[in-house]
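One file, input-v9.txt, is given below (compact mmCIF, C-alpha atoms and all ligand atoms).
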# COMPACT_ATOMS: atom_id res chain seq x y z
CA MET W 246 221.79 -7.03 -103.85
CA GLU W 247 219.14 -9.15 -102.53
CA ARG W 248 217.25 -6.44 -100.82
CA SER W 249 214.23 -6.64 -102.95
CA ARG W 250 211.82 -3.97 -103.78
CA LEU W 251 208.77 -5.73 -102.77
CA VAL W 252 205.94 -3.56 -103.84
CA ARG W 253 207.54 -2.37 -107.01
CA CYS W 254 208.51 -5.85 -107.93
CA VAL W 255 205.06 -7.04 -107.36
CA LEU W 256 203.30 -4.30 -109.13
CA PHE W 257 205.52 -3.33 -111.94
CA ARG W 258 208.55 -5.43 -112.48
CA ILE W 259 209.11 -8.97 -113.29
CA ARG W 260 212.79 -9.27 -113.07
CA PRO W 261 214.12 -12.66 -112.17
CA ARG W 262 215.28 -11.51 -108.80
CA CYS W 263 211.84 -10.19 -108.09
CA ARG W 264 210.01 -13.36 -108.81
CA ARG W 265 210.59 -14.83 -105.43
CA PHE W 266 208.45 -12.12 -103.94
CA LEU W 267 205.51 -12.84 -106.11
CA PRO W 268 202.73 -15.14 -105.19
CA ALA W 269 203.37 -17.93 -107.57
CA LEU W 270 200.23 -17.27 -109.36
CA ALA W 271 201.20 -13.80 -110.26
CA VAL W 272 203.48 -15.07 -112.93
CA ALA W 273 200.83 -16.42 -115.21
CA PRO W 274 198.92 -13.25 -115.87
CA LEU W 275 202.16 -11.36 -115.98
CA LEU W 276 203.53 -13.47 -118.71
CA ALA W 277 200.47 -12.66 -120.66
CA CYS W 278 201.15 -8.98 -120.31
CA SER W 279 204.41 -8.39 -121.99
CA GLY W 280 208.00 -9.30 -121.91
CA ASP W 281 208.88 -5.88 -120.84
CA ASP W 282 210.75 -4.61 -117.99
CA LEU W 283 210.08 -1.66 -115.92
CA THR W 284 206.74 -0.50 -117.03
CA GLY W 285 204.83 -3.67 -117.66
CA PRO W 286 202.03 -3.86 -115.21
CA SER W 287 201.67 -6.81 -113.10
CA VAL W 288 198.41 -7.88 -112.35
CA ALA W 289 197.24 -10.22 -110.12
CA ASP W 290 199.69 -10.40 -107.50
CA GLY W 291 200.43 -8.72 -104.61
CA PHE W 292 200.78 -9.81 -101.36
CA ASP W 293 197.61 -9.69 -99.69
CA THR W 294 195.03 -12.17 -99.51
CA GLY W 295 191.57 -12.14 -98.72
CA ARG W 296 192.27 -11.09 -95.43
CA ARG W 297 190.16 -9.67 -93.62
CA LEU W 298 186.91 -10.20 -92.83
CA ALA W 299 188.33 -10.10 -89.54
CA VAL W 300 185.29 -9.87 -87.54
CA SER W 301 185.67 -11.94 -84.57
CA ALA W 302 186.73 -12.07 -81.07
CA ASP W 303 189.54 -14.49 -80.67
CA ASN W 304 192.51 -15.17 -82.86
CA GLY W 305 192.50 -18.47 -84.68
CA LYS W 306 195.02 -19.95 -87.08
CA ILE W 307 196.89 -18.08 -89.77
CA ALA W 308 196.53 -19.44 -93.29
CA PHE W 309 199.33 -18.69 -95.73
CA GLU W 310 201.03 -19.76 -98.93
CA SER W 311 204.27 -21.71 -98.64
CA GLN W 312 206.59 -22.99 -101.33
CA ARG W 313 208.65 -25.18 -99.01
CA ASP W 314 207.42 -28.33 -100.73
CA GLY W 315 208.46 -27.29 -104.21
CA ASN W 316 205.14 -25.86 -105.26
CA ALA W 317 202.76 -23.36 -103.70
CA GLU W 318 200.59 -24.94 -101.00
CA ILE W 319 198.10 -23.54 -98.51
CA TYR W 320 199.36 -23.98 -94.96
CA VAL W 321 197.91 -23.05 -91.61
CA MET W 322 199.75 -22.36 -88.35
CA ASN W 323 198.92 -21.27 -84.84
CA PRO W 324 199.31 -17.55 -84.04
CA ASP W 325 202.68 -18.29 -82.44
CA GLY W 326 203.99 -20.02 -85.56
CA THR W 327 203.67 -23.57 -84.24
CA GLY W 328 201.67 -26.37 -85.81
CA GLU W 329 202.37 -25.64 -89.47
CA THR W 330 200.21 -27.93 -91.60
CA ASN W 331 199.93 -28.36 -95.37
CA LEU W 332 196.23 -28.39 -96.24
CA THR W 333 196.31 -28.66 -100.01
CA ASN W 334 198.98 -31.26 -100.85
CA ASN W 335 198.48 -30.77 -104.55
CA PRO W 336 201.25 -30.48 -107.15
CA ALA W 337 199.50 -27.52 -108.74
CA LEU W 338 199.79 -23.96 -107.52
CA ASP W 339 197.59 -23.14 -104.52
CA THR W 340 197.54 -19.57 -103.26
CA THR W 341 195.68 -16.57 -101.76
CA PRO W 342 193.97 -18.31 -98.82
CA ALA W 343 191.05 -16.58 -97.08
CA TRP W 344 189.36 -17.86 -93.95
CA SER W 345 185.58 -17.86 -93.86
CA PRO W 346 184.24 -15.58 -91.10
CA ASP W 347 183.14 -18.57 -89.03
CA GLY W 348 186.52 -20.27 -89.29
CA THR W 349 185.14 -23.47 -90.79
CA LYS W 350 186.33 -23.05 -94.39
CA ILE W 351 189.16 -21.59 -96.41
CA ALA W 352 188.70 -20.13 -99.88
CA PHE W 353 191.78 -20.11 -102.09
CA ALA W 354 192.87 -20.04 -105.72
CA SER W 355 194.30 -23.11 -107.44
CA LEU W 356 195.74 -23.94 -110.83
CA ARG W 357 194.85 -27.64 -110.53
CA THR W 358 192.25 -27.54 -113.29
CA GLY W 359 194.58 -25.82 -115.75
CA ASP W 360 193.72 -22.21 -115.05
CA LEU W 361 193.23 -20.42 -111.79
CA GLU W 362 189.90 -21.02 -110.09
CA ILE W 363 188.45 -20.09 -106.71
CA PHE W 364 188.07 -23.16 -104.51
CA VAL W 365 186.61 -23.60 -101.05
CA MET W 366 187.77 -26.37 -98.72
CA ASN W 367 187.07 -27.32 -95.14
CA ALA W 368 189.43 -25.90 -92.53
CA ASP W 369 191.22 -29.27 -92.39
CA GLY W 370 191.81 -29.25 -96.15
CA THR W 371 189.16 -31.78 -97.06
CA ASN W 372 186.56 -31.48 -99.80
CA PRO W 373 187.95 -28.76 -102.09
CA ILE W 374 185.26 -27.49 -104.46
CA ASN W 375 185.76 -25.40 -107.61
CA LEU W 376 183.38 -22.45 -107.41
CA THR W 377 184.28 -20.41 -110.46
CA ASN W 378 184.76 -22.82 -113.38
CA SER W 379 185.78 -20.01 -115.67
CA ALA W 380 188.30 -20.43 -118.49
CA ASN W 381 190.27 -17.41 -117.35
CA THR W 382 192.21 -16.43 -114.24
CA ASP W 383 190.16 -16.19 -111.05
CA LEU W 384 192.04 -15.15 -107.97
CA TRP W 385 192.14 -13.74 -104.48
CA PRO W 386 188.88 -14.59 -102.75
CA THR W 387 187.48 -12.62 -99.80
CA TRP W 388 184.36 -13.55 -97.84
CA SER W 389 181.55 -11.22 -96.92
CA PRO W 390 181.40 -10.96 -93.13
CA ASP W 391 178.12 -12.86 -93.01
CA GLY W 392 179.70 -15.71 -94.98
CA THR W 393 177.08 -15.71 -97.73
CA LYS W 394 179.19 -14.25 -100.54
CA ILE W 395 182.73 -14.38 -101.89
CA ALA W 396 184.36 -11.60 -103.90
CA PHE W 397 187.40 -12.25 -106.10
CA HIS W 398 189.08 -10.80 -109.13
CA THR W 399 189.03 -12.24 -112.60
CA PHE W 400 190.42 -11.63 -116.05
CA ARG W 401 187.46 -13.24 -117.80
CA ASP W 402 186.44 -9.90 -119.30
CA ALA W 403 189.94 -8.87 -120.34
CA GLY W 404 189.85 -10.00 -123.95
CA SER W 405 193.31 -9.25 -125.31
CA GLY W 406 193.88 -6.54 -122.73
CA LEU W 407 194.74 -6.38 -119.09
CA GLN W 408 191.39 -5.55 -117.65
CA SER W 409 190.65 -7.25 -114.39
CA GLU W 410 187.40 -6.91 -112.52
CA ILE W 411 186.18 -7.49 -109.01
CA TYR W 412 183.40 -10.06 -109.10
CA VAL W 413 181.09 -11.23 -106.36
CA MET W 414 179.30 -14.57 -106.14
CA ASP W 415 177.22 -16.51 -103.67
CA ALA W 416 179.30 -18.73 -101.43
CA ASP W 417 178.26 -21.77 -103.52
CA GLY W 418 179.62 -20.18 -106.70
CA SER W 419 176.29 -19.08 -108.14
CA ASN W 420 175.39 -15.61 -109.39
CA GLN W 421 178.87 -14.46 -110.45
CA THR W 422 178.56 -10.73 -111.09
CA ASN W 423 180.94 -7.99 -112.22
CA LEU W 424 181.06 -5.41 -109.45
CA SER W 425 183.85 -3.03 -110.45
CA GLN W 426 183.09 -2.59 -114.19
CA ASN W 427 186.09 -0.43 -114.95
CA ALA W 428 188.74 -0.73 -117.66
CA ALA W 429 191.54 -0.56 -115.08
CA ILE W 430 193.26 -3.52 -113.45
CA ASP W 431 191.20 -4.15 -110.32
CA VAL W 432 192.55 -6.86 -108.02
CA ASN W 433 192.68 -8.14 -104.48
CA PRO W 434 189.24 -7.34 -103.05
CA GLN W 435 188.94 -7.15 -99.26
CA TRP W 436 185.49 -7.02 -97.69
CA SER W 437 184.99 -4.54 -94.85
CA PRO W 438 184.00 -5.96 -91.44
CA ASP W 439 180.56 -4.31 -91.54
CA GLY W 440 179.92 -5.75 -95.00
CA SER W 441 179.22 -2.40 -96.65
CA LYS W 442 182.47 -1.81 -98.55
CA ILE W 443 185.06 -3.66 -100.58
CA ALA W 444 188.61 -2.32 -100.71
CA PHE W 445 190.74 -3.30 -103.70
CA MET W 446 193.82 -2.28 -105.66
CA ARG W 447 193.42 -0.39 -108.92
CA GLN W 448 196.17 0.11 -111.45
CA VAL W 449 195.76 1.83 -114.79
CA PRO W 450 197.44 -0.44 -117.35
CA PHE W 451 201.07 0.50 -117.90
CA SER W 452 201.01 3.10 -115.17
CA SER W 453 203.65 3.01 -112.48
CA ASP W 454 201.08 3.97 -109.89
CA ALA W 455 198.62 1.79 -108.01
CA GLU W 456 196.01 2.91 -105.52
CA ILE W 457 193.74 1.45 -102.90
CA TYR W 458 190.10 2.05 -103.69
CA VAL W 459 186.91 1.30 -101.84
CA MET W 460 183.46 0.79 -103.35
CA ASP W 461 180.01 -0.14 -102.12
CA ALA W 462 179.85 -3.90 -101.77
CA ALA W 463 176.23 -4.14 -102.81
CA THR W 464 176.39 -2.10 -105.99
CA GLY W 465 180.01 -1.38 -106.93
CA MET W 466 179.14 2.31 -106.83
CA ASN W 467 181.11 5.12 -105.19
CA GLN W 468 184.54 3.87 -106.24
CA THR W 469 186.90 6.10 -104.27
CA ASN W 470 190.68 6.39 -104.25
CA ILE W 471 191.73 6.47 -100.60
CA SER W 472 195.52 6.17 -100.94
CA ASN W 473 196.15 9.04 -103.40
CA ASN W 474 199.90 8.76 -103.63
CA PRO W 475 202.10 8.57 -106.75
CA ALA W 476 203.86 5.49 -105.35
CA ALA W 477 202.48 1.98 -105.46
CA ASP W 478 199.86 1.29 -102.79
CA ALA W 479 198.35 -2.15 -102.36
CA GLY W 480 197.49 -4.95 -99.97
CA ALA W 481 194.60 -3.46 -98.00
CA SER W 482 193.65 -5.19 -94.75
CA TRP W 483 190.76 -3.86 -92.64
CA SER W 484 191.03 -3.61 -88.88
CA PRO W 485 188.37 -5.78 -87.21
CA ASP W 486 186.40 -2.69 -86.15
CA GLY W 487 186.56 -1.30 -89.70
CA SER W 488 188.07 2.01 -88.64
CA MET W 489 191.53 1.51 -90.17
CA ILE W 490 193.23 -0.13 -93.12
CA ALA W 491 196.74 -1.57 -93.13
CA PHE W 492 198.48 -1.54 -96.51
CA GLU W 493 201.83 -1.72 -98.25
CA SER W 494 203.40 1.17 -100.12
CA SER W 495 206.68 2.15 -101.77
CA ARG W 496 206.11 5.85 -101.00
CA ASP W 497 209.07 6.16 -98.65
CA ASP W 498 211.53 3.68 -100.07
CA ASP W 499 211.90 1.28 -102.93
CA PHE W 500 211.59 -1.73 -100.69
CA GLY W 501 207.99 -1.29 -99.68
CA GLU W 502 206.76 -0.84 -96.12
CA VAL W 503 203.62 -1.56 -94.13
CA TYR W 504 201.46 1.43 -93.16
CA LEU W 505 198.21 2.18 -91.41
CA MET W 506 195.59 4.73 -92.40
CA ASN W 507 192.11 5.58 -91.31
CA ALA W 508 189.43 3.98 -93.47
CA ASP W 509 188.93 7.31 -95.26
CA GLY W 510 192.62 7.44 -96.19
CA SER W 511 193.65 10.04 -93.61
CA GLY W 512 196.23 9.69 -90.87
CA VAL W 513 198.85 7.54 -92.59
CA THR W 514 201.50 6.12 -90.26
CA ARG W 515 204.40 3.86 -91.11
CA LEU W 516 204.93 0.65 -89.15
CA THR W 517 207.99 -1.06 -90.67
CA ASN W 518 211.53 0.07 -91.42
CA THR W 519 213.64 -3.04 -91.90
CA GLY W 520 213.88 -4.71 -95.29
CA ALA W 521 210.98 -5.05 -97.65
CA ASN W 522 207.58 -5.55 -96.00
CA ALA W 523 204.15 -6.32 -97.44
CA ASN W 524 200.99 -8.41 -97.11
CA PRO W 525 199.60 -6.99 -93.85
CA ALA W 526 196.90 -9.14 -92.26
CA TRP W 527 195.08 -7.95 -89.17
CA SER W 528 194.41 -10.38 -86.32
CA PRO W 529 190.73 -10.90 -85.48
CA ASP W 530 191.19 -9.47 -81.97
CA GLY W 531 192.70 -6.31 -83.44
CA THR W 532 195.94 -6.43 -81.48
CA ARG W 533 198.44 -7.78 -84.03
CA ILE W 534 199.22 -7.49 -87.72
CA ALA W 535 200.89 -10.34 -89.57
CA PHE W 536 203.01 -9.35 -92.55
CA VAL W 537 205.66 -10.66 -94.91
CA THR W 538 209.26 -9.50 -94.86
CA ASP W 539 212.54 -10.32 -96.56
CA ARG W 540 214.63 -8.93 -93.68
CA ASP W 541 216.08 -12.35 -92.98
CA GLY W 542 216.70 -13.26 -96.62
CA ASP W 543 213.87 -15.30 -98.02
CA LEU W 544 210.29 -14.22 -97.50
CA GLN W 545 208.95 -15.03 -94.04
CA ILE W 546 205.84 -14.17 -92.06
CA TYR W 547 206.19 -11.93 -89.01
CA ALA W 548 203.64 -10.37 -86.68
CA MET W 549 203.76 -7.02 -84.89
CA ASN W 550 201.67 -4.89 -82.60
CA VAL W 551 199.47 -2.35 -84.36
CA ASP W 552 201.86 0.44 -83.37
CA GLY W 553 204.70 -1.37 -85.14
CA SER W 554 206.38 -2.61 -81.97
CA ASP W 555 207.33 -6.16 -81.14
CA GLN W 556 208.01 -7.48 -84.67
CA ASP W 557 208.50 -11.23 -84.26
CA PRO W 558 209.00 -14.01 -86.81
CA LEU W 559 206.36 -16.72 -87.13
CA THR W 560 207.90 -18.76 -89.93
CA ALA W 561 211.49 -19.72 -90.67
CA PRO W 562 213.50 -20.97 -93.64
CA PRO W 563 213.62 -23.02 -95.68
CA GLY W 564 210.86 -21.99 -97.98
CA ARG W 565 209.17 -18.83 -99.05
CA ASN W 566 206.14 -18.08 -96.89
CA ALA W 567 203.72 -15.30 -97.75
CA LEU W 568 200.14 -14.14 -98.06
CA PRO W 569 199.05 -14.57 -94.44
CA HIS W 570 195.35 -14.46 -93.65
CA TRP W 571 194.38 -14.56 -89.99
CA GLY W 572 191.29 -16.57 -89.13
CA THR W 573 188.99 -16.54 -86.17
CA ALA W 574 189.14 -19.01 -83.35
CA GLY W 575 186.81 -21.94 -83.16
CA ALA W 576 183.34 -21.72 -81.78
CA GLY W 577 184.28 -22.25 -78.20
CA PRO W 578 186.26 -19.43 -76.67
CA LEU W 579 183.85 -16.55 -76.75
CA MET W 580 181.07 -18.26 -74.86
CA THR W 581 182.86 -20.95 -73.04
CA CYS W 582 181.45 -22.12 -69.79
CA VAL W 583 178.56 -19.84 -69.06
CA GLU W 584 175.42 -21.17 -67.41
CA GLY W 585 172.08 -20.21 -68.82
CA VAL W 586 170.71 -17.04 -70.30
CA SER W 587 171.60 -14.54 -67.59
CA ALA W 588 175.18 -15.65 -67.53
CA ALA W 589 175.31 -15.55 -71.29
CA ARG W 590 173.90 -12.03 -71.26
CA ALA W 591 176.42 -10.96 -68.63
CA ARG W 592 179.24 -12.46 -70.63
CA ILE W 593 178.14 -10.59 -73.73
CA ASP W 594 177.79 -7.34 -71.78
CA GLN W 595 181.30 -7.89 -70.51
CA LEU W 596 182.56 -8.45 -74.02
CA LEU W 597 180.81 -5.38 -75.37
CA SER W 598 181.89 -3.09 -72.58
CA GLY W 599 184.11 -0.38 -73.95
CA ARG W 600 184.58 -2.26 -77.18
CA PRO W 601 181.78 -1.28 -79.53
CA PHE W 602 183.11 -3.33 -82.39
CA LEU W 603 182.56 -6.47 -80.37
CA ARG W 604 178.93 -6.41 -81.24
CA ALA W 605 179.98 -7.80 -84.57
CA VAL W 606 182.44 -10.00 -82.87
CA ALA W 607 179.87 -11.72 -80.75
CA HIS W 608 177.58 -11.90 -83.70
CA PHE W 609 180.04 -13.78 -85.78
CA SER W 610 181.30 -16.06 -83.13
CA LEU W 611 177.78 -17.06 -82.41
CA THR W 612 177.03 -17.41 -86.05
CA ARG W 613 179.84 -19.86 -86.17
CA VAL W 614 178.25 -21.84 -83.40
CA GLN W 615 175.01 -21.77 -85.27
CA ALA W 616 176.52 -23.67 -88.09
CA GLY W 617 176.42 -26.72 -85.90
CA VAL W 618 172.80 -26.48 -84.85
CA THR W 619 169.66 -27.15 -86.76
CA ASN W 620 167.67 -23.99 -86.30
CA ALA W 621 170.29 -21.48 -87.31
CA GLU W 622 167.97 -18.61 -88.06
CA ARG W 623 166.16 -18.94 -84.81
CA ASN W 624 169.28 -19.04 -82.74
CA PHE W 625 170.60 -16.09 -84.59
CA GLY W 626 167.51 -14.12 -83.60
CA ILE W 627 167.88 -15.17 -80.02
CA LEU W 628 171.43 -14.12 -79.89
CA MET W 629 170.73 -10.80 -81.45
CA ASP W 630 168.11 -10.28 -78.78
CA LEU W 631 170.77 -10.94 -76.24
CA LEU W 632 173.09 -8.46 -77.83
CA ALA W 633 170.42 -5.81 -77.84
CA GLY W 634 169.61 -6.55 -74.25
CA ALA W 635 165.96 -6.83 -75.13
CA GLY W 636 163.25 -9.42 -75.15
CA LEU W 637 162.39 -12.44 -73.11
CA ILE W 638 163.87 -15.75 -73.92
CA SER W 639 161.86 -18.90 -73.64
CA ALA W 640 163.00 -21.90 -71.71
CA GLN W 641 163.48 -23.78 -74.90
CA ASP W 642 165.58 -20.99 -76.29
CA ALA W 643 167.57 -20.87 -73.12
CA ALA W 644 168.27 -24.56 -73.44
CA GLU W 645 169.47 -24.01 -76.96
CA ILE W 646 171.76 -21.29 -75.80
CA LYS W 647 173.10 -23.49 -73.10
CA ASP W 648 173.89 -26.02 -75.76
CA LEU W 649 175.70 -23.35 -77.65
CA VAL W 650 177.90 -22.35 -74.79
CA SER W 651 178.73 -25.78 -73.52
CA PRO W 652 180.86 -27.42 -72.37
CA CYS W 653 180.95 -26.06 -68.89
CA CA C 701 200.02 -26.97 -104.46
CA CA C 702 189.36 -19.80 -113.96
CA CA C 703 188.60 -3.37 -114.03
CA CA C 704 199.52 5.17 -105.36

Transcribe the structure of this file into C-alpha cells.
Amino acid sequence: MERSRLVRCVLFRIRPRCRRFLPALAVAPLLACSGDDLTGPSVADGFDTGRRLAVSADNGKIAFESQRDGNAEIYVMNPDGTGETNLTNNPALDTTPAWSPDGTKIAFASLRTGDLEIFVMNADGTNPINLTNSANTDLWPTWSPDGTKIAFHTFRDAGSGLQSEIYVMDADGSNQTNLSQNAAIDVNPQWSPDGSKIAFMRQVPFSSDAEIYVMDAATGMNQTNISNNPAADAGASWSPDGSMIAFESSRDDDFGEVYLMNADGSGVTRLTNTGANANPAWSPDGTRIAFVTDRDGDLQIYAMNVDGSDQDPLTAPPGRNALPHWGTAGAGPLMTCVEGVSAARARIDQLLSGRPFLRAVAHFSLTRVQAGVTNAERNFGILMDLLAGAGLISAQDAAEIKDLVSPC
C-alpha cells in the first residue's frame, strides 16, 4: 500500500511510510510536536518552496531538493530534466530552494549550523551565506519580486508551543520582522508577482484542516482565508501574472491533488488524477507547472500544461526528488540581439502586446541585466521609460542599453 497520502501525510501524519514524502527538514519540527499519530500537526513541511516569484519572461532552470546522494541536497536542472547538478554538496540537510527573481542566486534552508537557517548562495552553488542566525528553525524562503527582501517562516517565537510565524527580512538578513503575528502555525510564504501579497499556509495547532491565506506583504494586515475547505490545502504557487494560484489539496481524495484557483479563491479546478501530487511550481513564462508525484513509486518531479494536459516526468529514480522551484532564464534571452533604442522599444512593444503581465516580465529581466552594470538605478529608469513608451533617451543612455542587449 504504497500509494501515499501526500497532503495528509505532510500536514498531519508522521507515519513511517509517510516520511518519504516529507521534505527532510519537516521531521525536526515534527519530532518536537508530539509522538502522536493522526492528529499531531506537522509543521514546517509541505511541498512547496519558495516558488514563485515567477515574474519573468523566459524559463530558466528548476531548483529542487534531491536525496539521491544520501542526504538532502539542492539540485538544479534544465526545464527538460537534463543537466542535473548538485549545488550544495554538504552532508547536512539542504532544502526548500527559491530562485531570486533575477536568477543569480538561490535561497534555501540548511541544517549545517546545527539548526535550520536561511542561506543564500550564487546560482552555481558558491558562497553560501547564513542570513538568519537564529537558534530556532528557519525555513522556506521566498524572494520579493524586486529582490530586496526575503520572507520565510520561523519557530523562534514558538516557546514550548507550535507557533510558527512568517517573517520578512532584507535580502542581506537585516531587519528580521514578524509579519503574520498569529498564534496559528503559519508556514511556506510565497510572494505574489506584483509584490503586494504573501500567500502562506495556516494550520490551527492540532486541527486536521489547513488553509491557504494571503496577507499584505508590507504590513501583514488583511489576513484572508482563500481556500476555505475542510480538507488540507497547502503549497500555494502564484501564476506569473498573479491572477491564479496553484495549490495542493486532499479535498477530493486522500492522496492529494494539484488544483488551480483564481487569486481570490474562486474557480477551483483540478489538474491531476494519478497518484499523489503536490508541490506545484509555476514556470516563469506561465505555460507549465512543475509538481511532485508518487505515481511511479518514489517521489519524482513532473511538469504539465496549466490545463493539466501533457504530464511528463523530469526526474527519474533513484532518489526522492521534490520541492521544485522554477527560476527565470539568464539575462540574455529577452533582449537578445536588438540594435539601439528604437529596436529595443519595438522588441518591448512586441513582448507587451496582448500580454499585460509582461510589463513586469520585462522589468525583471532588465533588472537582472542591471545587476551587471554600474549605474543600476539609472538604467532601471531608462528601461521603465521604454516600457512606458515615454521620454527621450540620450545617446549615452542608448549606448548603455545597447550594452545591455548585446551580443548581437
Ligand atoms: Ca546536503
Ligand atoms: Ca535557525
Ligand atoms: Ca503564527
Ligand atoms: Ca482547508

Within 7 Å of ligand CA 704 (chain C), counting all atoms listed in the file, residues as number ranges by chain: W: 454-456, 472-478

Contact check, chain W to ligand CA 703 (chain C), at most 7 Å, counting only C-alpha atoms and all ligand atoms, closest pairs as CSV:
residue,atom,partner,partner_atom,distance
W:Gln408,CA,C:CA703,CA,5.1
W:Ser409,CA,C:CA703,CA,4.4
W:Glu410,CA,C:CA703,CA,4.0
W:Ile411,CA,C:CA703,CA,6.9
W:Ser425,CA,C:CA703,CA,6.0
W:Gln426,CA,C:CA703,CA,5.6
W:Asn427,CA,C:CA703,CA,4.0
W:Ala428,CA,C:CA703,CA,4.5
W:Ala429,CA,C:CA703,CA,4.2
W:Ile430,CA,C:CA703,CA,4.7
W:Asp431,CA,C:CA703,CA,4.6

Would you tabulate, counting all atoms listed in the file, all residues of chain W that have an atom at most 6 Å from an atom of ligand CA 702 (chain C), showing the closest pair of atoms and their distance in Å to one decimal, sorted by chain then ascending number, as a tab-separated table?
residue	atom	partner	partner_atom	distance
W:Asp360	CA	C:CA702	CA	5.1
W:Leu361	CA	C:CA702	CA	4.5
W:Glu362	CA	C:CA702	CA	4.1
W:Asn378	CA	C:CA702	CA	5.5
W:Ser379	CA	C:CA702	CA	4.0
W:Ala380	CA	C:CA702	CA	4.7
W:Asn381	CA	C:CA702	CA	4.2
W:Thr382	CA	C:CA702	CA	4.4
W:Asp383	CA	C:CA702	CA	4.7

Surrounding residues as a ChimeraX atom specification, ligand CA 701 (chain C), max 6 Å, all atoms listed in the file: /W:316-318,334-339

Edge lengths and centre, in Å to one decimal, as JSON: that's what I need for the box along x, y and z that holds all listed atoms of region 552-562 of chain W plus 4 Å on each side.
{"center_x": 207.7, "center_y": -10.3, "center_z": -87.4, "size_x": 19.6, "size_y": 29.4, "size_z": 20.5}

Expected residue set, 12 Å radius at (184.5, -21.2, -111.5), all atoms listed in the file, as a ChimeraX atom specification: /W:353-356,358-365,374-384,386,395,397-399,401,412-421

Shortest interatomic distance to Pro525 (chain W) - which of W:Gln312, W:Gln435, W:Ser441, W:Asn423, counting only C-alpha atoms: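 Among the listed residues, the smallest separation from Pro525 (chain W) belongs to W:Gln435.
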
Pick from W:Asn367, W:Arg533, W:Val503, W:Arg540, whichever lies nearest to Thr519 (chain W) using all atoms listed in the file: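 Going through W:Asn367, W:Arg533, W:Val503, W:Arg540 one by one, the smallest distance to Thr519 (chain W) is for W:Arg540.
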
Residue contacts of Ala368 (chain W) (12 Å, only C-alpha atoms) excluding same-chain residues fewer than 3 positions away, as a VMD selection string: chain W and resid 305 to 308 319 to 322 330 to 333 342 to 353 365 371 to 373 572 to 575

Selection as a ChimeraX atom specification: residues within 12 Å of (202.7, 3.4, -85.9), counting all atoms listed in the file: /W:491,502-506,512-518,534,549-555

Nearest candidate to Met466 (chain W) (options W:Gly315, W:Leu424, W:Val537, W:Pro569; using all atoms listed in the file):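 Under the stated criterion, the closest residue is W:Leu424.
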
Point-to-point distance from CA of Ala396 (chain W) to CA of Ser495 (chain W), Å rounded to tenths: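 The value is 26.3 Å.
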
Closest of W:Trp385, W:Trp527, W:Phe400, W:Phe536 to Trp571 (chain W) - atom-to-atom distances counting only C-alpha atoms: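 Of W:Trp385, W:Trp527, W:Phe400, W:Phe536, the one nearest Trp571 (chain W), counting only C-alpha atoms, is W:Trp527.
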
Atom pair CA of Met446 (chain W) / CA of Thr340 (chain W): separation (Å):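 These two atoms are separated by 17.8 Å.
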
Gap from CA of Val432 (chain W) to CA of Pro324 (chain W) - Å, one decimal: 27.1 Å

Selected residue of minimal separation from Asp543 (chain W) among W:Trp388, W:Gly328, W:Arg313, W:Glu493, counting only C-alpha atoms: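 Looking only at the distances to Asp543 (chain W), the closest residue turns out to be W:Arg313.
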